[in-house]
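Participant: This is the structure I want to talk about, given as structure tokens.
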Amino acid sequence: MTIGLSFLCGLLASSVSYFMLGLWWPVALLVGGFAWLAFGLLDVKMNSTFTLLGGMLLIFCVSLSAMVLRANDQLSGLQFANTQDEEGTEFRYPVPLLGQARYGEKIYKASGCVACHTQQVTHESVELDVKAMAGEKNHAAAQEAVSRFYRSTGRKTSGGAALGLPVGEWETIETGLNPADASKARNFLAAAGASVDVQVRFRGEDLMQNEHSNPEGRGWGRRRSVAQDYLFAEPPMLGSVRIGPDLANVGARHTRDALMRILLNPRIIRKDSKMPQHRFLFEEADEGEQGRHIIQDGDKAYKPTADAEALVDYLLSLKGANYPLPEAPVNQPFTSSLPDPAPAPAEEAAKTTQPVEADK
Amino acid sequence: MSSKPKEDEAKKDPREAVDRSCCGPVLFLAFSAVAWLLVYSFFALLAGVKVHASGMMADSAWLAYGRIQPASLLALQFGFLVQLGLAVSAWILSHRGKTVLVDGGYLVFGGLLWNAGVTLGFIGILNGNSSGLEGLPMPGEVLPLLFFGFVLVGLSLVQTNNRRTDEEMSPAQWFLFAATLWLPWVLAGSYLLIHFFNAKGVVANIVDWWFIHNFVKVYLTFVGLGTLFHFLPAMTGRALAGRGFAQFGFWVLLLFGSMGGVGPGAPVPAWLSALSTVTAVFYFFGVIAVWVSLKRTINGVTAADSSDSLAYNLMRLAAVIFVTVSALNVFFAFPGPGSVAEFTIYGPAKELLFSLGFVGVTLIAALYHVFPRLAGIDFSPRMTRIQNAAIILGVLGATLPAALGGLMSGDAVLGSGFYFASVGQLLLFVGSLVLFVNLLGAVFFAMKNCGCLSSICCGIKKKEAGT
């Protein structure tokens, strides 16, 4: 088939998939490109520059729109979100870099900290525990809902719920559920009129350590990082290699003094540290100079330059993985002391952010 | 390859005319490429040593690990691989097309611009003006310079290809032609999106990953494969078997190599990671098709001309490395193994194995074949043996232990693999130093013997002065 004819076939295939099947446009383009290639490959003489150029241009446009422009469409509307800190004070997130921190970001960029440090906390999976409470009126229906849940997920009945739901008391239905099963349990029970409570737990090496749910945690964040965290980063220095720890949340881990020492000579703090010294950010202190900012390293005393101060301001501002967001909640304990347990929005969010994980 | 080329002789043997037209421009690019390889290996060695001796040169901001490491990668990718790739592409396109290299002056001028761009980028990073991105770490201002430099070189290559004597293009020509056009497209696209439209937040990273993916999976791969597709049949004296496989491979590699490169846990919408897994799997089908075609061509034969056997064996090694790394890539594209390997030094080690072990070795082997034909003089055989051993052992030594160590010890832990890598880097440095001296010496002697080279080089000098 000649190149022109196969191109028409591709065009046809992509219009059919876009207009008639209602596929999303990059997919439709892909389908068209495929059809073109498939028909063309039957008997394309790749002798003309036109064949090559045409194919390449099409693929370039598909690649640009399917990967980059689509992502841009989706992410360019990101706005502030509400969150709360550990004390429960609400604030708008993310917070723009204040004071010298913006300049510190430039120092971070110029010194190439990104060669050894990432700024992205990941998680491996979400687990949910479900509890339910039935009243006297709906007890039978709730009991039925529980067995229906066990049947439909193929899980073994276990624990107290297997013996029958007590009336007016919280009872654990199942622990360690994936988001799909948890939402099933919630729907069945809620339909039967029972109160449902869900606990969300995240697992992952990067997250906070927890003896039960996350024993391997390295404590680099309370939640995973999401695109929202980098709204004000210029550019986000996500990094791809970790020779040192992740720094997305370093501001919540260290004090100013500790950070200064890590920059000057990390072996002041840890003997065998592999972090290189950044003495060029410091200058030797004068003889009799005193103060908290003076750092003794061996027999020399150093004081930070303005660059070092700004860099540490920036590091202290890095608390990305600390505050819960709708699309990236932190661990949520049972709230069953409340009279009317709220349904868990977290599981939906977890589902949309990590479908791949959720399928496991 | 006579020392005194005559016009009538050239008419008798078109190859001679082709080689004469290529001589100056190709050797110029090849020479600057090898110089950048030396720069790369020196700074990569230094970066490795700086990790072991954390207090070394800590007073110098210019020599901070975070600066010399990305700068060295820039020298490797943009200085060495791209330039040697262009040099070899120019030679192959004019040989395959049986036509003289058109507008060699563009090629030299574009090469000068490109070198200026890489140098400014290199100094910019050392100077602290890095863009903070990984694929395009150089300051944004040098990207237009690189773009125009490449486009000028590309103009010459595309015109040469258009003047080919055979109507039908061979696979080698498809791959090299596509590579020559693809890099300026993605370079311009990334520049516009990141620096001109100021992509916000993680969009800048997504564009950057897109660039890296295109650069490695399309540009570098196509240059390497195009070179293999020319030389493996040419050296064995066989026709390329399985042209249909090559064609299938070409389109599949292009389509699926142009999307992806987002890690499994990246803080971006999850479909990007899923898309990357999907494209990585489909990409491998293209790799298999190409492999079948090459394998059937060279199965059981050796180089027809014994003077080519070194280059031929190097290329076979490179092809094996290509397939191995591609297979590893599919395996680690799945979220399970992927999240084990993510953020460990497996990643950079594998990239290095691919870019130096596959593309670099292929191009160096091509240089062994091309150089004597252009300069009329061969490399010193003893030095060639040393540099080959050092470069191959260096590449393997700098990558295999580090990759394995990275997988075993995980991220944020520096295992002993890193120490072995420095031994490899040292060998690599020795190898590229010998290669550089070897090339320098050969060019020096060739200038003395071969009229064509010195006359063209003088021509270049005149042009330089003019522009």
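Ordered as shown in the structure tokens, chains take letters A, B, and onward, while each chain numbers its residues from 1 and ligands are numbered from 1 in the order shown.
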Pick out the residues sitting within 7 Å of segment 257-264 of chain B, and hand them over as an MDAnalysis selection string; count only C-alpha atoms, and ignore anything fewer than 4 positions along from it in its own chain.

Facilitator: (chainID A and resid 63 67) or (chainID B and resid 209:210 213:214 217:218 253 272:273 275:276 279 283 335 338:339)

Participant: I need the alpha helix (DSSP H) residues of segment 147-335 of chain B per DSSP on the backbone, written as an MDAnalysis selection string.

Facilitator: chainID B and resid 147:162 171:191 202:213 221:236 243:257 270:298 309:333 335

Participant: Show me, as a ChimeraX atom specification, every residue of chain B with an atom at most 6 Å from chain A, counting only C-alpha atoms.

Facilitator: /B:54-55,58-61,66-67,128-130,132,168-169,201,255,258-259,265,267-268,270,343-344,411-412

Participant: May I have the residues from that selection written out with N, CA, C and O atoms, as a JSON list (two decimals), in the first residue's frame?

Facilitator:
[["chain", "number", "residue", "atom", "x", "y", "z"],
["B", 54, "SER", "N", 36.06, 13.02, 51.16],
["B", 54, "SER", "CA", 35.03, 14.06, 51.18],
["B", 54, "SER", "C", 35.60, 15.44, 51.46],
["B", 54, "SER", "O", 34.97, 16.44, 51.15],
["B", 55, "GLY", "N", 36.79, 15.51, 52.03],
["B", 55, "GLY", "CA", 37.33, 16.83, 52.33],
["B", 55, "GLY", "C", 38.19, 17.39, 51.23],
["B", 55, "GLY", "O", 38.65, 18.53, 51.30],
["B", 58, "ALA", "N", 37.59, 20.86, 49.10],
["B", 58, "ALA", "CA", 36.28, 21.32, 49.57],
["B", 58, "ALA", "C", 36.20, 22.84, 49.59],
["B", 58, "ALA", "O", 35.14, 23.40, 49.79],
["B", 59, "ASP", "N", 37.34, 23.50, 49.36],
["B", 59, "ASP", "CA", 37.31, 24.96, 49.38],
["B", 59, "ASP", "C", 36.92, 25.54, 48.04],
["B", 59, "ASP", "O", 36.70, 26.73, 47.92],
["B", 60, "SER", "N", 36.87, 24.68, 47.04],
["B", 60, "SER", "CA", 36.62, 25.20, 45.70],
["B", 60, "SER", "C", 35.20, 24.89, 45.26],
["B", 60, "SER", "O", 34.82, 23.73, 45.11],
["B", 61, "ALA", "N", 34.42, 25.95, 45.08],
["B", 61, "ALA", "CA", 33.04, 25.75, 44.64],
["B", 61, "ALA", "C", 33.01, 25.16, 43.24],
["B", 61, "ALA", "O", 32.14, 24.37, 42.91],
["B", 66, "GLY", "N", 28.72, 18.10, 43.00],
["B", 66, "GLY", "CA", 27.46, 18.39, 42.33],
["B", 66, "GLY", "C", 27.64, 19.23, 41.07],
["B", 66, "GLY", "O", 26.70, 19.38, 40.30],
["B", 67, "ARG", "N", 28.81, 19.81, 40.88],
["B", 67, "ARG", "CA", 29.04, 20.55, 39.64],
["B", 67, "ARG", "C", 29.81, 19.71, 38.63],
["B", 67, "ARG", "O", 29.45, 19.66, 37.46],
["B", 128, "GLY", "N", 28.33, 27.46, 38.39],
["B", 128, "GLY", "CA", 27.16, 27.57, 39.25],
["B", 128, "GLY", "C", 25.93, 28.09, 38.55],
["B", 128, "GLY", "O", 24.99, 28.53, 39.20],
["B", 129, "ASN", "N", 25.90, 28.05, 37.23],
["B", 129, "ASN", "CA", 24.71, 28.53, 36.52],
["B", 129, "ASN", "C", 23.87, 27.41, 35.97],
["B", 129, "ASN", "O", 23.14, 27.59, 35.00],
["B", 130, "SER", "N", 23.99, 26.24, 36.58],
["B", 130, "SER", "CA", 23.26, 25.10, 36.06],
["B", 130, "SER", "C", 21.76, 25.34, 36.16],
["B", 130, "SER", "O", 21.28, 26.12, 36.98],
["B", 132, "GLY", "N", 19.61, 23.12, 36.99],
["B", 132, "GLY", "CA", 19.00, 22.30, 38.03],
["B", 132, "GLY", "C", 18.27, 21.09, 37.50],
["B", 132, "GLY", "O", 17.79, 20.28, 38.26],
["B", 168, "GLU", "N", 16.60, 4.33, -3.50],
["B", 168, "GLU", "CA", 16.20, 3.61, -2.29],
["B", 168, "GLU", "C", 17.17, 3.90, -1.14],
["B", 168, "GLU", "O", 18.37, 3.83, -1.31],
["B", 169, "MET", "N", 16.62, 4.19, 0.04],
["B", 169, "MET", "CA", 17.49, 4.37, 1.20],
["B", 169, "MET", "C", 17.66, 3.05, 1.90],
["B", 169, "MET", "O", 16.74, 2.25, 1.97],
["B", 201, "GLY", "N", 6.54, 24.23, 37.90],
["B", 201, "GLY", "CA", 6.56, 23.06, 38.77],
["B", 201, "GLY", "C", 7.08, 21.83, 38.08],
["B", 201, "GLY", "O", 8.02, 21.89, 37.29],
["B", 255, "LEU", "N", 8.52, 5.27, 17.69],
["B", 255, "LEU", "CA", 7.26, 5.58, 18.35],
["B", 255, "LEU", "C", 7.38, 5.42, 19.86],
["B", 255, "LEU", "O", 6.99, 6.30, 20.63],
["B", 258, "SER", "N", 10.00, 7.57, 21.92],
["B", 258, "SER", "CA", 9.79, 9.02, 22.05],
["B", 258, "SER", "C", 8.91, 9.37, 23.23],
["B", 258, "SER", "O", 8.68, 10.53, 23.49],
["B", 259, "MET", "N", 8.41, 8.36, 23.93],
["B", 259, "MET", "CA", 7.57, 8.64, 25.11],
["B", 259, "MET", "C", 8.05, 7.81, 26.27],
["B", 259, "MET", "O", 8.39, 6.64, 26.08],
["B", 265, "GLY", "N", 7.70, 5.91, 41.02],
["B", 265, "GLY", "CA", 7.11, 6.62, 42.17],
["B", 265, "GLY", "C", 7.10, 8.12, 42.01],
["B", 265, "GLY", "O", 6.90, 8.85, 42.97],
["B", 267, "PRO", "N", 6.51, 12.04, 41.58],
["B", 267, "PRO", "CA", 5.38, 12.84, 42.07],
["B", 267, "PRO", "C", 4.66, 13.55, 40.94],
["B", 267, "PRO", "O", 4.54, 14.77, 40.92],
["B", 268, "VAL", "N", 4.18, 12.78, 39.99],
["B", 268, "VAL", "CA", 3.44, 13.31, 38.85],
["B", 268, "VAL", "C", 2.23, 12.41, 38.68],
["B", 268, "VAL", "O", 2.18, 11.34, 39.30],
["B", 270, "ALA", "N", -0.18, 9.54, 37.92],
["B", 270, "ALA", "CA", 0.29, 8.15, 37.83],
["B", 270, "ALA", "C", 0.28, 7.61, 36.41],
["B", 270, "ALA", "O", 1.02, 6.68, 36.10],
["B", 343, "PHE", "N", 16.37, 5.19, 42.16],
["B", 343, "PHE", "CA", 17.22, 6.03, 43.02],
["B", 343, "PHE", "C", 18.54, 5.38, 43.41],
["B", 343, "PHE", "O", 19.32, 5.97, 44.13],
["B", 344, "THR", "N", 18.80, 4.14, 42.99],
["B", 344, "THR", "CA", 20.10, 3.57, 43.32],
["B", 344, "THR", "C", 21.09, 3.93, 42.23],
["B", 344, "THR", "O", 20.71, 4.45, 41.18],
["B", 411, "ASP", "N", 19.06, 2.28, 47.78],
["B", 411, "ASP", "CA", 19.39, 3.70, 47.64],
["B", 411, "ASP", "C", 19.89, 4.27, 48.96],
["B", 411, "ASP", "O", 19.70, 3.70, 50.02],
["B", 412, "ALA", "N", 20.53, 5.42, 48.83],
["B", 412, "ALA", "CA", 21.06, 6.16, 49.98],
["B", 412, "ALA", "C", 22.09, 5.36, 50.76],
["B", 412, "ALA", "O", 22.36, 5.64, 51.91]]

Participant: With a distance cut-off of 7 Å and only C-alpha atoms, select the neighbouring residues of segment 388-398 of chain B, excluding the residue or stretch itself and same-chain residues fewer than 2 positions from it, and output the selection as a ChimeraX atom specification.

Facilitator: /B:353,356-357,384-386,400-402,420-425,427-428,430-432
